[in-house]
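What follows is model-v6.cif (mmCIF, C-alpha atoms).
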```cif
data_protein
loop_
_atom_site.group_PDB
_atom_site.id
_atom_site.type_symbol
_atom_site.label_atom_id
_atom_site.label_comp_id
_atom_site.auth_asym_id
_atom_site.auth_seq_id
_atom_site.Cartn_x
_atom_site.Cartn_y
_atom_site.Cartn_z
ATOM 1 C CA MET Q 1 -13.058 -15.262 -6.281
ATOM 2 C CA PRO Q 2 -16.169 -13.513 -7.493
ATOM 3 C CA GLU Q 3 -15.584 -9.833 -7.627
ATOM 4 C CA ARG Q 4 -17.407 -7.571 -5.248
ATOM 5 C CA GLY Q 5 -19.873 -5.176 -6.808
ATOM 6 C CA GLY Q 6 -19.948 -7.003 -10.130
ATOM 7 C CA SER Q 7 -23.231 -5.311 -11.026
ATOM 8 C CA LYS Q 8 -21.712 -1.850 -10.937
ATOM 9 C CA GLU Q 9 -21.029 -0.026 -14.161
ATOM 10 C CA VAL Q 10 -17.716 -0.490 -15.945
ATOM 11 C CA ILE Q 11 -15.276 2.284 -15.074
ATOM 12 C CA THR Q 12 -14.862 4.891 -17.824
ATOM 13 C CA ILE Q 13 -12.089 7.299 -18.799
ATOM 14 C CA GLY Q 14 -14.191 10.104 -17.347
ATOM 15 C CA LYS Q 15 -14.394 8.327 -14.009
ATOM 16 C CA LEU Q 16 -10.643 7.692 -13.985
ATOM 17 C CA ALA Q 17 -10.037 11.379 -14.662
ATOM 18 C CA PHE Q 18 -12.442 12.318 -11.864
ATOM 19 C CA TYR Q 19 -10.810 9.909 -9.395
ATOM 20 C CA ASN Q 20 -7.342 11.215 -10.240
ATOM 21 C CA LEU Q 21 -8.658 14.741 -9.718
ATOM 22 C CA LEU Q 22 -9.823 13.595 -6.264
ATOM 23 C CA PHE Q 23 -6.186 12.794 -5.524
ATOM 24 C CA ILE Q 24 -4.578 15.743 -7.265
ATOM 25 C CA ALA Q 25 -6.775 18.489 -5.766
ATOM 26 C CA PRO Q 26 -6.227 17.665 -2.051
ATOM 27 C CA ILE Q 27 -2.578 16.720 -2.633
ATOM 28 C CA THR Q 28 -2.015 20.108 -4.293
ATOM 29 C CA PHE Q 29 -3.707 21.794 -1.349
ATOM 30 C CA CYS Q 30 -1.507 19.813 1.052
ATOM 31 C CA PHE Q 31 1.544 20.834 -0.974
ATOM 32 C CA PHE Q 32 0.745 24.513 -0.463
ATOM 33 C CA ILE Q 33 0.245 23.913 3.268
ATOM 34 C CA ALA Q 34 3.551 22.024 3.486
ATOM 35 C CA THR Q 35 5.335 24.769 1.538
ATOM 36 C CA TYR Q 36 3.895 27.417 3.847
ATOM 37 C CA LEU Q 37 4.964 25.530 6.987
ATOM 38 C CA ALA Q 38 8.385 24.799 5.493
ATOM 39 C CA GLY Q 39 9.073 28.533 5.322
ATOM 40 C CA PHE Q 40 8.882 28.675 9.113
ATOM 41 C CA LEU Q 41 10.571 25.340 9.846
ATOM 42 C CA SER Q 42 13.544 25.468 7.467
ATOM 43 C CA VAL Q 43 15.726 27.592 9.759
ATOM 44 C CA ARG Q 44 14.846 25.537 12.841
ATOM 45 C CA LEU Q 45 15.460 22.237 11.049
ATOM 46 C CA GLN Q 46 18.643 23.444 9.328
ATOM 47 C CA THR Q 47 17.758 22.647 5.737
ATOM 48 C CA SER Q 48 16.012 24.122 2.692
ATOM 49 C CA PRO Q 49 12.219 24.644 2.514
ATOM 50 C CA THR Q 50 12.041 22.190 -0.415
ATOM 51 C CA ILE Q 51 13.341 19.323 1.706
ATOM 52 C CA ILE Q 52 11.003 20.194 4.588
ATOM 53 C CA THR Q 53 8.115 20.227 2.111
ATOM 54 C CA ASN Q 54 9.069 16.744 0.867
ATOM 55 C CA ILE Q 55 9.171 15.426 4.444
ATOM 56 C CA LEU Q 56 5.817 16.977 5.388
ATOM 57 C CA MET Q 57 4.164 15.631 2.234
ATOM 58 C CA ILE Q 58 4.694 12.025 3.372
ATOM 59 C CA PRO Q 59 2.119 12.087 6.231
ATOM 60 C CA LEU Q 60 -0.113 14.540 4.346
ATOM 61 C CA THR Q 61 -0.441 12.263 1.312
ATOM 62 C CA TYR Q 62 -1.193 9.372 3.642
ATOM 63 C CA LEU Q 63 -4.063 11.436 5.026
ATOM 64 C CA VAL Q 64 -5.398 12.098 1.521
ATOM 65 C CA PHE Q 65 -5.196 8.424 0.558
ATOM 66 C CA PHE Q 66 -7.070 7.324 3.682
ATOM 67 C CA PHE Q 67 -10.008 9.504 2.604
ATOM 68 C CA VAL Q 68 -9.973 9.016 -1.175
ATOM 69 C CA VAL Q 69 -9.289 5.257 -1.464
ATOM 70 C CA PRO Q 70 -12.362 4.266 0.645
ATOM 71 C CA TYR Q 71 -14.464 6.689 -1.420
ATOM 72 C CA ILE Q 72 -13.469 4.948 -4.656
ATOM 73 C CA ASN Q 73 -13.730 1.510 -3.054
ATOM 74 C CA ALA Q 74 -17.349 2.178 -2.040
ATOM 75 C CA ARG Q 75 -18.348 3.161 -5.579
ATOM 76 C CA GLU Q 76 -16.467 0.740 -7.803
ATOM 77 C CA ASN Q 77 -15.956 -3.002 -8.169
ATOM 78 C CA VAL Q 78 -12.524 -4.573 -7.755
ATOM 79 C CA LYS Q 79 -11.512 -3.869 -11.355
ATOM 80 C CA GLY Q 80 -12.605 -0.250 -11.070
ATOM 81 C CA VAL Q 81 -10.519 0.377 -7.954
ATOM 82 C CA ARG Q 82 -7.611 -1.448 -9.578
ATOM 83 C CA TYR Q 83 -7.826 0.749 -12.685
ATOM 84 C CA ALA Q 84 -7.914 3.865 -10.500
ATOM 85 C CA LEU Q 85 -4.785 2.634 -8.685
ATOM 86 C CA VAL Q 86 -2.910 1.964 -11.930
ATOM 87 C CA ALA Q 87 -3.988 5.326 -13.374
ATOM 88 C CA PHE Q 88 -2.640 7.156 -10.325
ATOM 89 C CA LEU Q 89 0.664 5.248 -10.499
ATOM 90 C CA ILE Q 90 1.034 6.105 -14.189
ATOM 91 C CA LEU Q 91 0.253 9.756 -13.457
ATOM 92 C CA GLY Q 92 2.859 9.822 -10.682
ATOM 93 C CA VAL Q 93 5.550 8.397 -12.960
ATOM 94 C CA PHE Q 94 4.486 10.639 -15.866
ATOM 95 C CA THR Q 95 5.096 13.806 -13.831
ATOM 96 C CA ALA Q 96 8.764 12.836 -13.499
ATOM 97 C CA ILE Q 97 9.361 12.177 -17.210
ATOM 98 C CA PRO Q 98 10.153 15.806 -18.247
ATOM 99 C CA SER Q 99 12.847 16.085 -15.575
ATOM 100 C CA ILE Q 100 14.344 12.747 -16.631
ATOM 101 C CA LEU Q 101 14.342 13.521 -20.358
ATOM 102 C CA VAL Q 102 15.510 17.145 -20.153
ATOM 103 C CA ARG Q 103 18.029 17.046 -17.298
ATOM 104 C CA GLY Q 104 18.548 13.333 -16.704
ATOM 105 C CA ASP Q 105 17.389 13.966 -13.133
ATOM 106 C CA PHE Q 106 15.651 11.005 -11.466
ATOM 107 C CA SER Q 107 15.162 12.742 -8.116
ATOM 108 C CA ILE Q 108 11.482 13.592 -8.752
ATOM 109 C CA LEU Q 109 10.722 9.985 -9.725
ATOM 110 C CA LEU Q 110 12.519 8.655 -6.652
ATOM 111 C CA THR Q 111 10.595 11.082 -4.446
ATOM 112 C CA GLN Q 112 7.327 9.978 -6.080
ATOM 113 C CA LEU Q 113 8.113 6.415 -4.998
ATOM 114 C CA LEU Q 114 7.394 7.450 -1.399
ATOM 115 C CA HIS Q 115 3.828 8.419 -2.289
ATOM 116 C CA ILE Q 116 3.302 5.399 -4.554
ATOM 117 C CA ALA Q 117 4.357 3.132 -1.677
ATOM 118 C CA SER Q 118 1.960 4.959 0.649
ATOM 119 C CA TYR Q 119 -0.886 4.451 -1.832
ATOM 120 C CA ILE Q 120 -0.167 0.708 -2.005
ATOM 121 C CA VAL Q 121 -0.079 0.465 1.804
ATOM 122 C CA VAL Q 122 -3.446 2.216 2.171
ATOM 123 C CA THR Q 123 -4.971 0.066 -0.588
ATOM 124 C CA PHE Q 124 -3.715 -3.083 1.140
ATOM 125 C CA ILE Q 125 -5.252 -1.985 4.444
ATOM 126 C CA ILE Q 126 -8.646 -0.919 3.041
ATOM 127 C CA CYS Q 127 -9.261 -3.290 0.134
ATOM 128 C CA PRO Q 128 -6.627 -6.069 -0.169
ATOM 129 C CA GLU Q 129 -8.689 -7.892 -2.798
ATOM 130 C CA VAL Q 130 -7.775 -5.085 -5.208
ATOM 131 C CA LEU Q 131 -4.151 -6.207 -5.005
ATOM 132 C CA GLY Q 132 -5.075 -9.774 -5.935
ATOM 133 C CA ILE Q 133 -5.263 -11.304 -2.450
ATOM 134 C CA ASP Q 134 -7.829 -14.107 -2.669
ATOM 135 C CA ILE Q 135 -10.256 -14.555 0.207
ATOM 136 C CA ASP Q 136 -10.220 -18.345 -0.286
ATOM 137 C CA LEU Q 137 -6.986 -19.789 1.122
ATOM 138 C CA GLN Q 138 -7.415 -22.928 -0.969
ATOM 139 C CA HIS Q 139 -6.836 -20.808 -4.084
ATOM 140 C CA TRP Q 140 -3.675 -19.136 -2.777
ATOM 141 C CA PHE Q 141 -1.289 -21.871 -3.826
ATOM 142 C CA LYS Q 142 -3.340 -23.051 -6.793
ATOM 143 C CA ARG Q 143 -3.330 -19.546 -8.274
ATOM 144 C CA HIS Q 144 -0.001 -18.496 -6.733
ATOM 145 C CA ARG Q 145 -1.714 -15.787 -4.662
ATOM 146 C CA GLN Q 146 1.024 -16.067 -2.031
ATOM 147 C CA LEU Q 147 3.368 -14.576 -4.639
ATOM 148 C CA PHE Q 148 1.138 -11.481 -4.829
ATOM 149 C CA ILE Q 149 1.603 -10.906 -1.110
ATOM 150 C CA LEU Q 150 5.378 -11.193 -1.422
ATOM 151 C CA LEU Q 151 5.316 -8.893 -4.461
ATOM 152 C CA ILE Q 152 3.210 -6.279 -2.635
ATOM 153 C CA TYR Q 153 5.457 -6.230 0.424
ATOM 154 C CA THR Q 154 8.628 -6.232 -1.680
ATOM 155 C CA SER Q 155 7.380 -3.317 -3.810
ATOM 156 C CA ILE Q 156 6.507 -1.301 -0.689
ATOM 157 C CA LEU Q 157 9.932 -2.084 0.759
ATOM 158 C CA ILE Q 158 11.848 -1.124 -2.391
ATOM 159 C CA PHE Q 159 9.844 2.055 -3.042
ATOM 160 C CA TYR Q 160 10.323 3.343 0.505
ATOM 161 C CA ILE Q 161 14.016 2.459 0.603
ATOM 162 C CA LEU Q 162 14.767 4.200 -2.711
ATOM 163 C CA GLY Q 163 12.505 7.165 -1.903
ATOM 164 C CA PHE Q 164 13.988 7.833 1.529
ATOM 165 C CA ALA Q 165 17.486 7.339 0.122
ATOM 166 C CA GLN Q 166 16.778 10.215 -2.278
ATOM 167 C CA LEU Q 167 15.477 12.307 0.633
ATOM 168 C CA TYR Q 168 18.647 11.636 2.675
ATOM 169 C CA HIS Q 169 20.823 12.382 -0.340
ATOM 170 C CA SER Q 170 19.027 15.723 -0.871
ATOM 171 C CA ILE Q 171 19.555 16.628 2.787
ATOM 172 C CA TYR Q 172 23.247 15.780 2.494
ATOM 173 C CA LEU Q 173 23.678 17.826 -0.711
ATOM 174 C CA ASP Q 174 21.978 20.760 1.011
ATOM 175 C CA GLN Q 175 24.231 20.470 4.070
ATOM 176 C CA GLU Q 176 27.204 18.099 4.148
ATOM 177 C CA THR Q 177 27.305 18.065 7.943
ATOM 178 C CA ALA Q 178 23.779 16.587 8.107
ATOM 179 C CA PHE Q 179 25.259 13.095 8.516
ATOM 180 C CA SER Q 180 28.262 11.700 10.306
ATOM 181 C CA PHE Q 181 30.171 8.907 8.526
ATOM 182 C CA SER Q 182 32.525 6.412 10.145
ATOM 183 C CA GLN Q 183 34.426 5.887 6.868
ATOM 184 C CA GLU Q 184 36.106 8.486 4.709
ATOM 185 C CA GLY Q 185 35.068 9.166 1.141
ATOM 186 C CA THR Q 186 32.393 11.083 -0.727
ATOM 187 C CA PRO Q 187 28.912 9.703 0.000
ATOM 188 C CA SER Q 188 26.768 8.936 -3.045
ATOM 189 C CA TYR Q 189 23.137 8.038 -3.562
ATOM 190 C CA GLY Q 190 24.131 4.388 -3.106
ATOM 191 C CA THR Q 191 25.496 5.249 0.339
ATOM 192 C CA PHE Q 192 22.086 6.505 1.402
ATOM 193 C CA VAL Q 193 20.345 3.492 -0.156
ATOM 194 C CA TYR Q 194 22.399 1.415 2.283
ATOM 195 C CA PHE Q 195 21.479 3.764 5.142
ATOM 196 C CA SER Q 196 17.803 3.576 4.157
ATOM 197 C CA ILE Q 197 17.928 -0.238 4.158
ATOM 198 C CA VAL Q 198 19.509 -0.240 7.613
ATOM 199 C CA THR Q 199 16.889 2.232 8.843
ATOM 200 C CA PHE Q 200 13.852 0.489 7.357
ATOM 201 C CA THR Q 201 14.934 -2.889 8.705
ATOM 202 C CA THR Q 202 15.683 -1.246 12.108
ATOM 203 C CA VAL Q 203 19.172 -2.779 12.175
ATOM 204 C CA GLY Q 204 21.011 0.465 12.967
ATOM 205 C CA TYR Q 205 24.736 -0.280 12.663
ATOM 206 C CA GLY Q 206 25.642 3.300 13.572
ATOM 207 C CA ASP Q 207 28.236 3.785 10.817
ATOM 208 C CA ILE Q 208 26.043 6.583 9.395
ATOM 209 C CA THR Q 209 24.408 8.924 11.889
ATOM 210 C CA PRO Q 210 22.010 11.842 11.234
ATOM 211 C CA THR Q 211 23.262 14.960 13.000
ATOM 212 C CA THR Q 212 20.933 17.802 11.967
ATOM 213 C CA SER Q 213 17.270 18.177 12.889
ATOM 214 C CA ALA Q 214 16.080 17.648 9.292
ATOM 215 C CA ALA Q 215 18.123 14.449 8.896
ATOM 216 C CA ARG Q 216 16.842 13.130 12.215
ATOM 217 C CA LEU Q 217 13.268 13.998 11.276
ATOM 218 C CA ALA Q 218 13.523 12.109 7.980
ATOM 219 C CA PHE Q 219 15.185 9.190 9.775
ATOM 220 C CA SER Q 220 12.413 9.152 12.405
ATOM 221 C CA VAL Q 221 9.664 9.176 9.760
ATOM 222 C CA GLU Q 222 11.174 6.173 7.954
ATOM 223 C CA ALA Q 223 11.789 4.268 11.205
ATOM 224 C CA LEU Q 224 8.209 4.842 12.369
ATOM 225 C CA LEU Q 225 6.753 3.925 8.967
ATOM 226 C CA SER Q 226 8.780 0.713 8.815
ATOM 227 C CA ALA Q 227 7.587 -0.343 12.271
ATOM 228 C CA ILE Q 228 3.949 0.517 11.534
ATOM 229 C CA ILE Q 229 3.940 -1.058 8.062
ATOM 230 C CA ASN Q 230 5.489 -4.322 9.261
ATOM 231 C CA ILE Q 231 3.004 -4.586 12.138
ATOM 232 C CA VAL Q 232 -0.011 -3.578 10.052
ATOM 233 C CA PHE Q 233 0.990 -5.860 7.167
ATOM 234 C CA ILE Q 234 1.207 -8.897 9.459
ATOM 235 C CA ALA Q 235 -1.921 -7.929 11.441
ATOM 236 C CA ILE Q 236 -4.096 -7.341 8.364
ATOM 237 C CA LEU Q 237 -2.825 -10.543 6.789
ATOM 238 C CA LEU Q 238 -3.631 -12.573 9.928
ATOM 239 C CA VAL Q 239 -7.092 -11.018 10.178
ATOM 240 C CA TYR Q 240 -7.678 -11.707 6.496
ATOM 241 C CA ILE Q 241 -6.576 -15.337 6.936
ATOM 242 C CA SER Q 242 -8.737 -15.684 10.060
ATOM 243 C CA ASN Q 243 -11.782 -14.298 8.242
ATOM 244 C CA SER Q 244 -11.179 -16.553 5.251
ATOM 245 C CA GLN Q 245 -10.914 -19.578 7.536
ATOM 246 C CA ALA Q 246 -14.183 -18.591 9.234
ATOM 247 C CA PHE Q 247 -15.738 -18.190 5.796
ATOM 248 C CA GLN Q 248 -14.506 -21.652 4.825
ATOM 249 C CA ARG Q 249 -15.886 -23.174 8.038
ATOM 250 C CA LYS Q 250 -19.231 -21.527 7.346
ATOM 251 C CA SER Q 251 -19.214 -22.901 3.801
ATOM 252 C CA VAL Q 252 -18.414 -26.392 5.107
ATOM 253 C CA ASP Q 253 -21.199 -26.151 7.710
ATOM 254 C CA GLU Q 254 -23.663 -25.015 5.055
ATOM 255 C CA LYS Q 255 -22.607 -27.896 2.833
ATOM 256 C CA ILE Q 256 -23.078 -30.397 5.680
ATOM 257 C CA ILE Q 257 -26.527 -28.984 6.476
ATOM 258 C CA LYS Q 258 -27.469 -29.180 2.805
ATOM 259 C CA GLU Q 259 -26.308 -32.795 2.601
ATOM 260 C CA GLU Q 260 -28.218 -33.649 5.779
ATOM 261 C CA LYS Q 261 -31.398 -32.194 4.283
ATOM 262 C CA ILE Q 262 -30.868 -34.268 1.139
ATOM 263 C CA ILE Q 263 -30.417 -37.413 3.259
ATOM 264 C CA GLU Q 264 -33.548 -36.601 5.284
ATOM 265 C CA LYS Q 265 -35.485 -36.087 2.071
ATOM 266 C CA GLU Q 266 -34.265 -39.408 0.722
ATOM 267 C CA GLU Q 267 -35.189 -41.143 3.982
ATOM 268 C CA ARG Q 268 -38.692 -39.667 3.855
ATOM 269 C CA GLU Q 269 -39.030 -40.831 0.271
ATOM 270 C CA ILE Q 270 -37.963 -44.342 1.247
ATOM 271 C CA LEU Q 271 -40.521 -44.413 4.081
ATOM 272 C CA ARG Q 272 -43.263 -43.292 1.681
ATOM 273 C CA ASN Q 273 -42.363 -46.042 -0.761
ATOM 274 C CA GLN Q 274 -42.416 -48.612 2.019
ATOM 275 C CA ARG Q 275 -45.858 -47.462 3.155
ATOM 276 C CA ARG Q 276 -47.174 -47.627 -0.413
ATOM 277 C CA LYS Q 277 -45.924 -51.200 -0.768
ATOM 278 C CA LYS Q 278 -47.609 -52.197 2.510
ATOM 279 C CA LYS Q 279 -50.920 -50.692 1.382
ATOM 280 C CA LYS Q 280 -50.754 -52.619 -1.916
ATOM 281 C CA LYS Q 281 -50.262 -55.857 -0.010
#
```
Go ahead and express the file in the form of structure tokens.
Amino acid sequence: MPERGGSKEVITIGKLAFYNLLFIAPITFCFFIATYLAGFLSVRLQTSPTIITNILMIPLTYLVFFFVVPYINARENVKGVRYALVAFLILGVFTAIPSILVRGDFSILLTQLLHIASYIVVTFIICPEVLGIDIDLQHWFKRHRQLFILLIYTSILIFYILGFAQLYHSIYLDQETAFSFSQEGTPSYGTFVYFSIVTFTTVGYGDITPTTSAARLAFSVEALLSAIINIVFIAILLVYISNSQAFQRKSVDEKIIKEEKIIEKEEREILRNQRRKKKKK
């Protein structure tokens, strides 16, 4: 597929730094807002301000992405937007490295997965071609583009499951009565990975139940996101397929019209030759 905006300048390191600043500045501002609100909500929601901040940052980062991603998409070609995406992902992972190396604490990285997943979702909605989704369906299976779609959805699924599992685990460590368990034993991070899977897939066995306001809020956010993402993913994909089919039909029609013009031209040429032969006789 020819890339959109191929005539635009190649993205530079300076541009990547500027685009990452476009993310960092509003996200930092949102972090201060979330921290401020968490000071009022922590008592009501029965958990620490840090956990409330992490919960509030999920919708706030979505808001930032929905403004910044279209801005970059309007100014760069596919490769440029793709580089900006990769640069942001690297930056998100890089911020967690000190905590991992010094304390062996992966909680920051796992929390970052929530925002990385959100970024991928917004990119898929606004500019799916950036993620390698070909507009021509005939190329999907030739170039294994269908695998990209599975990879995108799987990455979103895994990132949200692991990220929310960390959020649930933090809520539990802050207050052990935040969840009710049907089986005895000490819950671990793996326990909340299972709970996150059950929540995201909307199965809801009921063997783990959120009991505090903070736990229920986090559960509600994941349940709503899973429903919206599944619907939006299928809807956008169907619209994209429908548009590509319309594009293919238009291409076929244009090809038929072009062939008809060639045939008409050949017929006119034949008639001219016949007239010339008659005149010579």
Option closest in space to Val81 (chain Q), from Q:Tyr160, Q:Tyr62, Q:Tyr19, Q:Phe32 [counting only C-alpha atoms]: Q:Tyr19
Given the PyMOL selection byres ((chain Q and resi 192) around 9), the residues it picks as an MDAnalysis selection string: chainID Q and resid 162 164:169 187:191 193:197 208
The PyMOL selection byres ((chain Q and resi 66-74) around 8) applied to the shown file, residues as a PyMOL selection string: chain Q and resi 19+22-23+62-65+75-78+81+122-123+126-127
Residues matched by the PyMOL selection byres ((chain Q and resi 124) around 12), written as a PyMOL selection string: chain Q and resi 65-66+69-70+73+81-82+85+117-123+125-133+148-149+152-153+156+229+232-237+240
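Minimum distance to Gly39 (chain Q) across Q:Ile100, Q:Val93, Q:Ile52, Q:Ile161 (counting only C-alpha atoms) occurs at Q:Ile52.
Shortest atom-to-atom contact with Asn230 (chain Q) among Q:Thr111, Q:Ile270, Q:Thr154, Q:Lys265: Q:Thr154, counting all atoms listed in the file.
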Polymer residues at most 10 Å from Gln46 (chain Q), all atoms listed in the file, same-chain spacing of 5 or more positions, as a VMD selection string: chain Q and resid 41 52 171 174 to 175 178 212 to 215
Expected file contents, prior selection, C-alpha atoms, as a compact mmCIF listing (two decimals), in the coordinates of the input:
```txt
# COMPACT_ATOMS: atom_id res chain seq x y z
CA LEU Q 41 10.57 25.34 9.85
CA ILE Q 52 11.00 20.19 4.59
CA ILE Q 171 19.56 16.63 2.79
CA ASP Q 174 21.98 20.76 1.01
CA GLN Q 175 24.23 20.47 4.07
CA ALA Q 178 23.78 16.59 8.11
CA THR Q 212 20.93 17.80 11.97
CA SER Q 213 17.27 18.18 12.89
CA ALA Q 214 16.08 17.65 9.29
CA ALA Q 215 18.12 14.45 8.90
```
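Put simply, CA of Thr201 (chain Q) is 21.9 Å away from CA of Asn54 (chain Q).
One distance worth recording is that between CA of Ala87 (chain Q) and CA of Leu16 (chain Q), which is 7.1 Å.
Each of Q:Leu157, Q:Glu259, Q:Ala84, Q:Asn273 was compared to Ala227 (chain Q) using only C-alpha atoms, and Q:Leu157 turns out to be the nearest.
CA of Ile108 (chain Q) sits 24.8 Å away from CA of Thr209 (chain Q).
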Option closest in space to Tyr83 (chain Q), from Q:Ser99, Q:Ser48, Q:Thr12, Q:Ser107 [counting only C-alpha atoms]: Q:Thr12
